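query.pdb (PDB, C-alpha atoms) appears below.
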```
ATOM      1  CA  MET A  24     122.605  90.199 113.066
ATOM      2  CA  THR A  25     120.149  92.338 115.037
ATOM      3  CA  ALA A  26     116.583  91.224 115.731
ATOM      4  CA  ASN A  27     115.279  93.998 113.522
ATOM      5  CA  ALA A  28     117.436  92.871 110.589
ATOM      6  CA  ARG A  29     115.646  89.507 110.663
ATOM      7  CA  GLY A  30     112.513  91.180 109.463
ATOM      8  CA  ILE A  31     108.836  91.459 110.325
ATOM      9  CA  LEU A  32     105.868  89.536 108.977
ATOM     10  CA  VAL A  33     102.539  91.390 108.914
ATOM     11  CA  VAL A  34      99.322  89.391 108.609
ATOM     12  CA  GLY A  35      97.061  91.758 106.707
ATOM     13  CA  PRO A  36      93.303  92.360 106.766
ATOM     14  CA  SER A  37      90.691  91.005 104.359
ATOM     15  CA  TRP A  38      89.094  94.223 103.031
ATOM     16  CA  VAL A  39      90.405  96.674 100.454
ATOM     17  CA  GLY A  40      90.108  99.831 102.530
ATOM     18  CA  ASP A  41      91.643  98.197 105.585
ATOM     19  CA  MET A  42      94.556  96.879 103.528
ATOM     20  CA  VAL A  43      95.250 100.319 102.083
ATOM     21  CA  MET A  44      95.070 101.962 105.502
ATOM     22  CA  THR A  45      97.533  99.364 106.791
ATOM     23  CA  GLY A  46     100.039 101.352 104.746
ATOM     24  CA  SER A  47     100.320 103.753 107.683
ATOM     25  CA  LEU A  48     101.611 100.939 109.894
ATOM     26  CA  LEU A  49     103.971  99.712 107.183
ATOM     27  CA  ARG A  50     105.420 103.174 106.683
ATOM     28  CA  MET A  51     105.852 103.604 110.424
ATOM     29  CA  LEU A  52     107.639 100.253 110.682
ATOM     30  CA  ALA A  53     109.884 101.045 107.720
ATOM     31  CA  ALA A  54     110.930 104.330 109.299
ATOM     32  CA  ARG A  55     111.699 102.706 112.666
ATOM     33  CA  ARG A  56     113.340  99.387 111.766
ATOM     34  CA  GLN A  57     116.226  98.081 109.648
ATOM     35  CA  GLY A  58     114.770  94.729 108.608
ATOM     36  CA  PRO A  59     112.500  93.947 105.649
ATOM     37  CA  ILE A  60     108.706  93.808 105.884
ATOM     38  CA  ASP A  61     106.690  91.012 104.292
ATOM     39  CA  VAL A  62     102.898  90.714 104.293
ATOM     40  CA  VAL A  63     100.565  87.712 104.304
ATOM     41  CA  ALA A  64      97.409  88.663 102.434
ATOM     42  CA  PRO A  65      94.632  87.331 100.171
ATOM     43  CA  ALA A  66      95.121  86.938  96.425
ATOM     44  CA  TRP A  67      93.189  90.088  95.468
ATOM     45  CA  SER A  68      95.539  92.283  97.501
ATOM     46  CA  GLN A  69      98.842  91.013  96.111
ATOM     47  CA  PRO A  70      98.980  93.606  93.269
ATOM     48  CA  LEU A  71      98.289  96.356  95.831
ATOM     49  CA  LEU A  72     101.191  95.184  97.965
ATOM     50  CA  GLN A  73     103.471  95.557  94.950
ATOM     51  CA  ARG A  74     102.543  99.258  94.922
ATOM     52  CA  MET A  75     103.543  99.737  98.577
ATOM     53  CA  PRO A  76     107.236 100.743  98.646
ATOM     54  CA  GLU A  77     107.681  99.482 102.212
ATOM     55  CA  VAL A  78     106.768  95.868 101.371
ATOM     56  CA  ARG A  79     109.521  93.501 100.252
ATOM     57  CA  ARG A  80     107.187  90.660  99.365
ATOM     58  CA  GLY A  81     103.579  89.589  99.662
ATOM     59  CA  PHE A  82     102.763  85.997 100.562
ATOM     60  CA  LEU A  83      99.500  84.499  99.360
ATOM     61  CA  LEU A  84      97.354  82.661 101.878
ATOM     62  CA  ASP A  85      95.422  80.262  99.661
ATOM     63  CA  ALA A  86      92.351  79.987 101.877
ATOM     64  CA  GLY A  87      88.959  81.533 101.240
ATOM     65  CA  HIS A  88      87.548  84.298 103.411
ATOM     66  CA  GLY A  89      86.152  82.699 106.556
ATOM     67  CA  GLU A  90      87.823  79.320 105.941
ATOM     68  CA  ILE A  91      90.212  77.707 108.400
ATOM     69  CA  GLY A  92      92.169  76.153 105.501
ATOM     70  CA  LEU A  93      94.547  74.358 107.853
ATOM     71  CA  ALA A  94      96.478  72.558 105.095
ATOM     72  CA  ALA A  95      97.103  75.832 103.234
ATOM     73  CA  ARG A  96      98.181  77.535 106.450
ATOM     74  CA  ARG A  97     100.622  74.734 107.230
ATOM     75  CA  ARG A  98     102.178  74.949 103.753
ATOM     76  CA  LEU A  99     102.649  78.696 104.068
ATOM     77  CA  ALA A 100     104.004  78.374 107.604
ATOM     78  CA  ARG A 101     106.713  75.955 106.451
ATOM     79  CA  GLU A 102     107.866  78.463 103.841
ATOM     80  CA  LEU A 103     107.836  81.342 106.311
ATOM     81  CA  HIS A 104     109.669  79.407 109.039
ATOM     82  CA  ALA A 105     112.729  79.194 106.807
ATOM     83  CA  ARG A 106     112.864  82.985 106.590
ATOM     84  CA  ASP A 107     113.588  83.399 110.294
ATOM     85  CA  TYR A 108     111.407  86.418 111.138
ATOM     86  CA  ALA A 109     111.938  88.150 114.464
ATOM     87  CA  GLN A 110     108.304  89.208 114.844
ATOM     88  CA  ALA A 111     104.866  88.775 113.348
ATOM     89  CA  ILE A 112     102.195  91.459 113.674
ATOM     90  CA  VAL A 113      98.711  89.998 113.262
ATOM     91  CA  LEU A 114      96.173  92.671 112.361
ATOM     92  CA  PRO A 115      92.902  90.673 112.230
ATOM     93  CA  ARG A 116      91.463  89.642 115.594
ATOM     94  CA  SER A 117      90.404  86.152 114.530
ATOM     95  CA  PHE A 118      91.797  82.824 115.730
ATOM     96  CA  LYS A 119      92.666  81.659 112.208
ATOM     97  CA  ALA A 120      94.654  84.823 111.410
ATOM     98  CA  ALA A 121      97.080  83.956 114.219
ATOM     99  CA  LEU A 122      97.648  80.365 113.098
ATOM    100  CA  VAL A 123     100.300  80.929 110.401
ATOM    101  CA  PRO A 124     102.808  82.859 112.588
ATOM    102  CA  TRP A 125     102.370  80.266 115.355
ATOM    103  CA  LEU A 126     102.813  77.349 112.957
ATOM    104  CA  ALA A 127     105.856  79.147 111.478
ATOM    105  CA  ARG A 128     107.334  79.349 114.999
ATOM    106  CA  ILE A 129     107.984  83.071 114.749
ATOM    107  CA  PRO A 130     109.224  83.892 118.264
ATOM    108  CA  ARG A 131     107.307  87.107 118.885
ATOM    109  CA  ARG A 132     103.688  87.210 117.741
ATOM    110  CA  THR A 133     101.994  90.544 118.364
ATOM    111  CA  GLY A 134      98.261  91.116 118.159
ATOM    112  CA  MET A 135      95.171  92.416 119.873
ATOM    113  CA  ARG A 136      92.969  90.507 122.233
ATOM    114  CA  GLY A 137      90.670  88.496 120.073
ATOM    115  CA  GLU A 138      89.030  85.192 119.358
ATOM    116  CA  PHE A 139      90.409  82.571 121.818
ATOM    117  CA  ARG A 140      94.021  82.879 120.689
ATOM    118  CA  PHE A 141      96.030  83.002 123.896
ATOM    119  CA  GLY A 142      99.279  81.180 123.170
ATOM    120  CA  LEU A 143      99.001  81.775 119.437
ATOM    121  CA  ILE A 144      99.577  85.450 120.257
ATOM    122  CA  ASN A 145     102.319  85.792 122.884
ATOM    123  CA  ASP A 146     102.636  89.591 122.730
ATOM    124  CA  MET A 147      99.019  90.420 123.494
ATOM    125  CA  ARG A 148      98.061  94.084 123.347
ATOM    126  CA  PRO A 149      95.059  95.332 125.338
ATOM    127  CA  VAL A 150      93.810  97.584 122.567
ATOM    128  CA  GLU A 151      90.109  98.286 122.965
ATOM    129  CA  TRP A 152      87.801  97.830 120.000
ATOM    130  CA  THR A 153      86.194 101.222 119.517
ATOM    131  CA  ARG A 154      84.916 103.293 116.616
ATOM    132  CA  SER A 155      85.280 106.570 118.493
ATOM    133  CA  LYS A 156      88.938 106.836 117.441
ATOM    134  CA  PRO A 157      90.628 106.332 114.048
ATOM    135  CA  MET A 158      91.090 102.663 113.213
ATOM    136  CA  ILE A 159      94.596 103.414 112.012
ATOM    137  CA  GLU A 160      95.672 104.339 115.556
ATOM    138  CA  ARG A 161      94.705 100.863 116.724
ATOM    139  CA  LEU A 162      96.629  99.232 113.884
ATOM    140  CA  CYS A 163      99.739 101.377 114.292
ATOM    141  CA  ALA A 164      99.816 100.775 118.051
ATOM    142  CA  LEU A 165     100.729  97.152 117.298
ATOM    143  CA  GLY A 166     104.014  98.386 115.832
ATOM    144  CA  LEU A 167     105.088 100.096 119.059
ATOM    145  CA  GLU A 168     107.328  98.782 121.783
ATOM    146  CA  PRO A 169     105.952  98.838 125.348
ATOM    147  CA  GLY A 170     105.940 102.390 126.712
ATOM    148  CA  GLU A 171     106.243 104.027 123.293
ATOM    149  CA  HIS A 172     103.720 106.489 121.920
ATOM    150  CA  LEU A 173     102.319 106.859 118.450
ATOM    151  CA  PRO A 174     104.114 109.404 116.261
ATOM    152  CA  ASP A 175     102.174 112.578 115.640
ATOM    153  CA  PRO A 176     101.183 112.809 112.902
ATOM    154  CA  LEU A 177     100.958 109.229 111.723
ATOM    155  CA  PRO A 178     102.239 108.709 108.185
ATOM    156  CA  ASN A 179      99.548 108.511 105.534
ATOM    157  CA  PRO A 180      99.434 105.393 103.328
ATOM    158  CA  HIS A 181     101.131 105.642  99.962
ATOM    159  CA  LEU A 182     100.482 103.640  96.792
ATOM    160  CA  ARG A 183     102.873 104.010  93.877
ATOM    161  CA  VAL A 184     101.416 104.912  90.463
ATOM    162  CA  ASP A 185     103.034 103.233  87.444
ATOM    163  CA  PRO A 186     103.064 105.880  84.664
ATOM    164  CA  ALA A 187     103.700 103.374  81.861
ATOM    165  CA  ALA A 188     100.893 101.081  83.013
ATOM    166  CA  GLN A 189      98.671 104.124  83.454
ATOM    167  CA  GLN A 190      99.211 105.220  79.857
ATOM    168  CA  ARG A 191      98.596 101.733  78.457
ATOM    169  CA  LEU A 192      95.431 101.399  80.510
ATOM    170  CA  MET A 193      94.001 104.739  79.419
ATOM    171  CA  GLU A 194      94.710 103.908  75.789
ATOM    172  CA  ARG A 195      93.004 100.530  76.140
ATOM    173  CA  LEU A 196      89.937 102.115  77.728
ATOM    174  CA  GLY A 197      89.847 104.949  75.208
ATOM    175  CA  ILE A 198      89.946 107.691  77.831
ATOM    176  CA  THR A 199      93.025 109.633  76.774
ATOM    177  CA  GLY A 200      92.682 113.368  76.339
ATOM    178  CA  SER A 201      93.664 116.726  77.734
ATOM    179  CA  ALA A 202      90.518 117.423  79.805
ATOM    180  CA  PRO A 203      90.877 117.033  83.577
ATOM    181  CA  ALA A 204      89.189 113.900  84.932
ATOM    182  CA  ALA A 205      86.808 113.645  87.856
ATOM    183  CA  ALA A 206      86.495 110.099  89.230
ATOM    184  CA  LEU A 207      83.139 109.206  90.785
ATOM    185  CA  LEU A 208      83.120 106.067  92.913
ATOM    186  CA  PRO A 209      79.505 104.965  93.517
ATOM    187  CA  GLY A 210      80.105 101.561  95.121
ATOM    188  CA  ALA A 211      80.595 100.436  98.717
ATOM    189  CA  GLU A 212      80.451  97.088 100.458
ATOM    190  CA  HIS A 213      78.281  96.224 103.477
ATOM    191  CA  GLY A 214      74.946  97.361 102.080
ATOM    192  CA  PRO A 215      73.165 100.329 100.515
ATOM    193  CA  ALA A 216      73.322 102.564 103.609
ATOM    194  CA  LYS A 217      76.885 103.574 102.641
ATOM    195  CA  ARG A 218      75.962 104.474  99.054
ATOM    196  CA  TRP A 219      75.021 107.969  97.941
ATOM    197  CA  PRO A 220      71.993 107.798  95.599
ATOM    198  CA  ALA A 221      72.782 107.108  91.935
ATOM    199  CA  PRO A 222      70.712 110.119  90.737
ATOM    200  CA  TYR A 223      72.931 112.358  92.885
ATOM    201  CA  PHE A 224      76.033 110.971  91.184
ATOM    202  CA  ALA A 225      74.325 111.637  87.834
ATOM    203  CA  GLU A 226      73.669 115.275  88.688
ATOM    204  CA  LEU A 227      77.232 115.641  89.961
ATOM    205  CA  ALA A 228      78.533 114.195  86.689
ATOM    206  CA  GLN A 229      76.569 116.810  84.763
ATOM    207  CA  ARG A 230      78.034 119.584  86.912
ATOM    208  CA  PHE A 231      81.571 118.344  86.292
ATOM    209  CA  ARG A 232      80.912 117.949  82.577
ATOM    210  CA  ALA A 233      79.635 121.551  82.378
ATOM    211  CA  GLU A 234      82.957 122.684  83.875
ATOM    212  CA  GLY A 235      84.965 120.880  81.207
ATOM    213  CA  PHE A 236      85.799 117.682  83.095
ATOM    214  CA  THR A 237      85.807 114.166  81.747
ATOM    215  CA  VAL A 238      83.895 112.033  84.252
ATOM    216  CA  TRP A 239      84.903 108.445  85.012
ATOM    217  CA  LEU A 240      82.774 106.011  87.011
ATOM    218  CA  LEU A 241      85.036 103.464  88.706
ATOM    219  CA  GLY A 242      84.022 100.352  90.590
ATOM    220  CA  SER A 243      83.819  96.582  90.599
ATOM    221  CA  PRO A 244      81.579  94.419  88.396
ATOM    222  CA  LYS A 245      78.977  94.668  91.177
ATOM    223  CA  ASP A 246      78.759  98.402  90.440
ATOM    224  CA  ALA A 247      78.348  98.098  86.664
ATOM    225  CA  ALA A 248      74.534  98.325  86.732
ATOM    226  CA  THR A 249      74.669 101.387  88.986
ATOM    227  CA  GLY A 250      77.201 102.898  86.581
ATOM    228  CA  GLU A 251      74.820 102.406  83.664
ATOM    229  CA  GLU A 252      72.028 104.008  85.668
ATOM    230  CA  ILE A 253      74.238 107.034  86.308
ATOM    231  CA  VAL A 254      75.256 107.304  82.654
ATOM    232  CA  GLU A 255      71.623 107.209  81.539
ATOM    233  CA  ALA A 256      70.405 109.663  84.168
ATOM    234  CA  SER A 257      73.270 112.066  83.378
ATOM    235  CA  ARG A 258      72.518 111.905  79.638
ATOM    236  CA  GLY A 259      75.950 110.535  78.879
ATOM    237  CA  ALA A 260      77.932 112.950  81.039
ATOM    238  CA  ALA A 261      79.962 110.070  82.504
ATOM    239  CA  ILE A 262      81.928 107.100  81.174
ATOM    240  CA  ASN A 263      81.104 103.834  82.924
ATOM    241  CA  LEU A 264      84.337 101.963  83.695
ATOM    242  CA  CYS A 265      82.845  99.870  86.515
ATOM    243  CA  GLY A 266      83.852  96.259  86.047
ATOM    244  CA  ARG A 267      86.245  97.029  83.188
ATOM    245  CA  THR A 268      89.386  97.274  85.299
ATOM    246  CA  GLU A 269      91.287  95.275  87.894
ATOM    247  CA  LEU A 270      91.807  96.608  91.409
ATOM    248  CA  VAL A 271      95.413  97.595  90.696
ATOM    249  CA  ASP A 272      94.207  99.513  87.620
ATOM    250  CA  ALA A 273      92.271 101.762  89.980
ATOM    251  CA  VAL A 274      95.588 102.864  91.490
ATOM    252  CA  ASP A 275      96.763 104.152  88.132
ATOM    253  CA  LEU A 276      93.425 105.618  87.017
ATOM    254  CA  LEU A 277      92.840 107.435  90.289
ATOM    255  CA  GLY A 278      96.396 108.710  90.101
ATOM    256  CA  ALA A 279      95.437 110.389  86.803
ATOM    257  CA  ALA A 280      92.257 112.021  88.137
ATOM    258  CA  ARG A 281      92.113 115.673  89.183
ATOM    259  CA  VAL A 282      89.641 114.851  91.972
ATOM    260  CA  ALA A 283      87.627 111.889  93.258
ATOM    261  CA  VAL A 284      84.197 111.830  94.921
ATOM    262  CA  SER A 285      83.435 108.619  96.754
ATOM    263  CA  ASN A 286      81.388 106.766  99.299
ATOM    264  CA  ASP A 287      83.310 105.334 102.246
ATOM    265  CA  SER A 288      84.844 102.460 100.287
ATOM    266  CA  GLY A 289      88.098 100.783  99.394
ATOM    267  CA  LEU A 290      88.452 102.969  96.314
ATOM    268  CA  LEU A 291      88.146 106.094  98.459
ATOM    269  CA  HIS A 292      91.199 104.970 100.404
ATOM    270  CA  ILE A 293      93.081 104.086  97.221
ATOM    271  CA  ALA A 294      92.381 107.568  95.857
ATOM    272  CA  ALA A 295      93.712 109.106  99.063
ATOM    273  CA  ALA A 296      96.820 106.900  99.010
ATOM    274  CA  VAL A 297      97.812 107.927  95.472
ATOM    275  CA  GLY A 298      97.551 111.607  96.427
ATOM    276  CA  THR A 299      94.395 112.519  94.513
ATOM    277  CA  PRO A 300      92.192 115.093  96.266
ATOM    278  CA  VAL A 301      89.123 113.279  97.591
ATOM    279  CA  VAL A 302      85.610 114.191  98.686
ATOM    280  CA  GLY A 303      84.391 111.499 101.084
ATOM    281  CA  LEU A 304      80.645 110.928 101.512
ATOM    282  CA  TYR A 305      79.768 109.530 104.936
ATOM    283  CA  GLY A 306      76.406 108.601 106.417
ATOM    284  CA  SER A 307      76.071 105.236 108.131
ATOM    285  CA  SER A 308      79.830 105.001 108.672
ATOM    286  CA  SER A 309      82.148 107.308 110.578
ATOM    287  CA  PRO A 310      84.691 109.794 109.188
ATOM    288  CA  ILE A 311      86.409 109.603 112.576
ATOM    289  CA  TYR A 312      86.897 105.837 112.416
ATOM    290  CA  THR A 313      87.837 105.439 108.728
ATOM    291  CA  PRO A 314      88.655 108.879 107.297
ATOM    292  CA  PRO A 315      90.467 109.375 103.995
ATOM    293  CA  LEU A 316      94.108 109.363 105.110
ATOM    294  CA  THR A 317      95.323 112.382 103.189
ATOM    295  CA  ASP A 318      95.672 116.105 103.776
ATOM    296  CA  ARG A 319      93.927 116.754 100.443
ATOM    297  CA  ARG A 320      90.394 115.881 101.475
ATOM    298  CA  GLU A 321      86.929 117.220 102.146
ATOM    299  CA  VAL A 322      84.532 115.120 104.205
ATOM    300  CA  LEU A 323      80.771 115.538 103.864
ATOM    301  CA  TYR A 324      79.037 114.189 106.956
ATOM    302  CA  LEU A 325      75.863 115.577 108.498
ATOM    303  CA  ASP A 326      76.405 114.107 111.981
ATOM    304  CA  LEU A 327      72.706 113.379 112.460
ATOM    305  CA  TYR A 328      71.374 112.076 115.754
ATOM    306  CA  CYS A 329      71.237 108.566 114.234
ATOM    307  CA  SER A 330      74.686 108.593 112.609
ATOM    308  CA  PRO A 331      76.830 106.628 112.408
ATOM    309  CA  CYS A 332      74.696 103.501 112.757
ATOM    310  CA  PHE A 333      77.041 101.120 110.890
ATOM    311  CA  GLU A 334      73.992  99.245 109.620
ATOM    312  CA  PRO A 335      73.801  97.860 106.048
ATOM    313  CA  GLU A 336      70.393  99.493 105.549
ATOM    314  CA  CYS A 337      68.866 102.559 107.178
ATOM    315  CA  PRO A 338      67.117 101.201 110.304
ATOM    316  CA  LEU A 339      64.772 104.211 110.377
ATOM    317  CA  GLY A 340      63.871 104.097 106.692
ATOM    318  CA  HIS A 341      64.555 107.769 105.884
ATOM    319  CA  PHE A 342      68.235 107.589 104.752
ATOM    320  CA  ARG A 343      68.606 111.290 105.584
ATOM    321  CA  CYS A 344      72.321 110.888 106.315
ATOM    322  CA  MET A 345      73.006 110.495 102.599
ATOM    323  CA  ARG A 346      69.936 112.033 100.942
ATOM    324  CA  GLU A 347      70.597 115.408 102.566
ATOM    325  CA  ILE A 348      74.146 115.593 101.206
ATOM    326  CA  THR A 349      73.314 117.286  97.916
ATOM    327  CA  PRO A 350      75.153 117.166  94.586
ATOM    328  CA  ALA A 351      75.755 120.896  94.931
ATOM    329  CA  MET A 352      77.532 120.315  98.258
ATOM    330  CA  ALA A 353      79.726 117.607  96.740
ATOM    331  CA  PHE A 354      80.569 119.710  93.692
ATOM    332  CA  GLU A 355      81.481 122.754  95.760
ATOM    333  CA  ALA A 356      83.735 120.608  97.967
ATOM    334  CA  ALA A 357      85.427 119.178  94.874
ATOM    335  CA  MET A 358      85.995 122.649  93.442
ATOM    336  CA  ARG A 359      87.597 123.772  96.694
ATOM    337  CA  LEU A 360      90.069 120.914  96.330
ATOM    338  CA  SER A 361      90.556 121.280  92.578
ATOM    339  CA  PRO A 362      89.712 124.814  91.443
TER     340      PRO A 362
END
```

Using structure tokens, write down the structure that the file contains.
Amino acid sequence: MTANARGILVVGPSWVGDMVMTGSLLRMLAARRQGPIDVVAPAWSQPLLQRMPEVRRGFLLDAGHGEIGLAARRRLARELHARDYAQAIVLPRSFKAALVPWLARIPRRTGMRGEFRFGLINDMRPVEWTRSKPMIERLCALGLEPGEHLPDPLPNPHLRVDPAAQQRLMERLGITGSAPAAALLPGAEHGPAKRWPAPYFAELAQRFRAEGFTVWLLGSPKDAATGEEIVEASRGAAINLCGRTELVDAVDLLGAARVAVSNDSGLLHIAAAVGTPVVGLYGSSSPIYTPPLTDRREVLYLDLYCSPCFEPECPLGHFRCMREITPAMAFEAAMRLSP
């Protein structure tokens, strides 16, 4: 049996967008190796892993975000040790992320320099932490052998849409019909600086509605109040689905949309991975570092002197990076993608 046939364990990240973008690494590994690929990931991401064709199995790490959870890591490591992996690739840079592969005695444990984990990681890669290059290049570099170069282009992530689940979901939500759907994604983690103003989404919804689109607002329960604000300001031009679906449902709903307009968020990257044309709205974050990984995209970014700041709130108080991206600009970009 070759080393590759023994398989690879990937320790995945803790955020939705990062997990989706990890699909580029998984696709690269699948194209280059014969063995299966398994992923250790939090509970919320397990349904997403089932939509990644490259993943044989997802393993749940039953420890909260930020917790050491040593007992849970030991239990998982015992299960993984029996599977005889040839290599583990640890994507997070934390000490605790490297514990499970070490406890599982996986012989080759690849990762970046990070948080006091010499010995836990025995295939240390001197990859610099920088936001001036795409994050996905840093992740995919961990899948290379010494002296190898990244493929050009890198494969885009892919999430599989389940047509039967999609139909059941749309019937349950009462959103079946023949009109094309525009998905508006008003949420984003890490503070309001990443979020386009709700009144702008409302005006955009009205523009789509005037062109014959059905408009869906998608997001988590945290976004439900913003969704209601958009519905009210748009005079009912949008349907608020925020908080009414699970994360995996977003895969199927976004797969049914004609176009999506989104802040830099996990749902933006899901939309890109299912092949839906996306308009990405960037202000405090960088479209170089975390772009939508699809060829069917338009990015709206003003590249102001203060952008990207990566701050949760505008440190200068003017929020020009998002306020000066107008609904007309977003609508025109969407129409270029979906005439």

key: Exercise: A:Ala280 partners within 12 Å, only C-alpha atoms, chain neighbours under 2 positions left out, as an MDAnalysis selection string   = chainID A and resid 184 189 193 198:208 236:241 273:278 282:284 294:295 297:301 357 361

Writer output for current selection, C-alpha atoms, as a PDB file, in the coordinates of the input:
```pdb
ATOM      1  CA  VAL A 184     101.416 104.912  90.463  1.00  0.00           C
ATOM      2  CA  GLN A 189      98.671 104.124  83.454  1.00  0.00           C
ATOM      3  CA  MET A 193      94.001 104.739  79.419  1.00  0.00           C
ATOM      4  CA  ILE A 198      89.946 107.691  77.831  1.00  0.00           C
ATOM      5  CA  THR A 199      93.025 109.633  76.774  1.00  0.00           C
ATOM      6  CA  GLY A 200      92.682 113.368  76.339  1.00  0.00           C
ATOM      7  CA  SER A 201      93.664 116.726  77.734  1.00  0.00           C
ATOM      8  CA  ALA A 202      90.518 117.423  79.805  1.00  0.00           C
ATOM      9  CA  PRO A 203      90.877 117.033  83.577  1.00  0.00           C
ATOM     10  CA  ALA A 204      89.189 113.900  84.932  1.00  0.00           C
ATOM     11  CA  ALA A 205      86.808 113.645  87.856  1.00  0.00           C
ATOM     12  CA  ALA A 206      86.495 110.099  89.230  1.00  0.00           C
ATOM     13  CA  LEU A 207      83.139 109.206  90.785  1.00  0.00           C
ATOM     14  CA  LEU A 208      83.120 106.067  92.913  1.00  0.00           C
ATOM     15  CA  PHE A 236      85.799 117.682  83.095  1.00  0.00           C
ATOM     16  CA  THR A 237      85.807 114.166  81.747  1.00  0.00           C
ATOM     17  CA  VAL A 238      83.895 112.033  84.252  1.00  0.00           C
ATOM     18  CA  TRP A 239      84.903 108.445  85.012  1.00  0.00           C
ATOM     19  CA  LEU A 240      82.774 106.011  87.011  1.00  0.00           C
ATOM     20  CA  LEU A 241      85.036 103.464  88.706  1.00  0.00           C
ATOM     21  CA  ALA A 273      92.271 101.762  89.980  1.00  0.00           C
ATOM     22  CA  VAL A 274      95.588 102.864  91.490  1.00  0.00           C
ATOM     23  CA  ASP A 275      96.763 104.152  88.132  1.00  0.00           C
ATOM     24  CA  LEU A 276      93.425 105.618  87.017  1.00  0.00           C
ATOM     25  CA  LEU A 277      92.840 107.435  90.289  1.00  0.00           C
ATOM     26  CA  GLY A 278      96.396 108.710  90.101  1.00  0.00           C
ATOM     27  CA  VAL A 282      89.641 114.851  91.972  1.00  0.00           C
ATOM     28  CA  ALA A 283      87.627 111.889  93.258  1.00  0.00           C
ATOM     29  CA  VAL A 284      84.197 111.830  94.921  1.00  0.00           C
ATOM     30  CA  ALA A 294      92.381 107.568  95.857  1.00  0.00           C
ATOM     31  CA  ALA A 295      93.712 109.106  99.063  1.00  0.00           C
ATOM     32  CA  VAL A 297      97.812 107.927  95.472  1.00  0.00           C
ATOM     33  CA  GLY A 298      97.551 111.607  96.427  1.00  0.00           C
ATOM     34  CA  THR A 299      94.395 112.519  94.513  1.00  0.00           C
ATOM     35  CA  PRO A 300      92.192 115.093  96.266  1.00  0.00           C
ATOM     36  CA  VAL A 301      89.123 113.279  97.591  1.00  0.00           C
ATOM     37  CA  ALA A 357      85.427 119.178  94.874  1.00  0.00           C
ATOM     38  CA  SER A 361      90.556 121.280  92.578  1.00  0.00           C
TER      39      SER A 361
END
```

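Distance check against A:His181 using only C-alpha atoms: of A:Asp318, A:Glu77, A:Glu336, A:Asp41, the minimum falls on A:Glu77.
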
key: Selected residue of minimal separation from A:Pro130 among A:Arg230, A:Arg56, A:Arg98, A:Arg29, counting all atoms listed in the file   =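 Using all atoms listed in the file, the shortest distance to A:Pro130 belongs to A:Arg29.
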
key: For A:Gly340: contacts at 12 Å, only C-alpha atoms, fewer than 4 positions along chain excluded, given as a PyMOL selection string   = chain A and resi 215-216+329+334-336+344-346

inquiry  = My list of candidates is A:Ala256, A:Met352, A:Ile293, A:Leu196. Which is closest to A:Leu270 when distances are computed with all atoms listed in the file?
reply    =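 The closest residue to A:Leu270 is A:Ile293.
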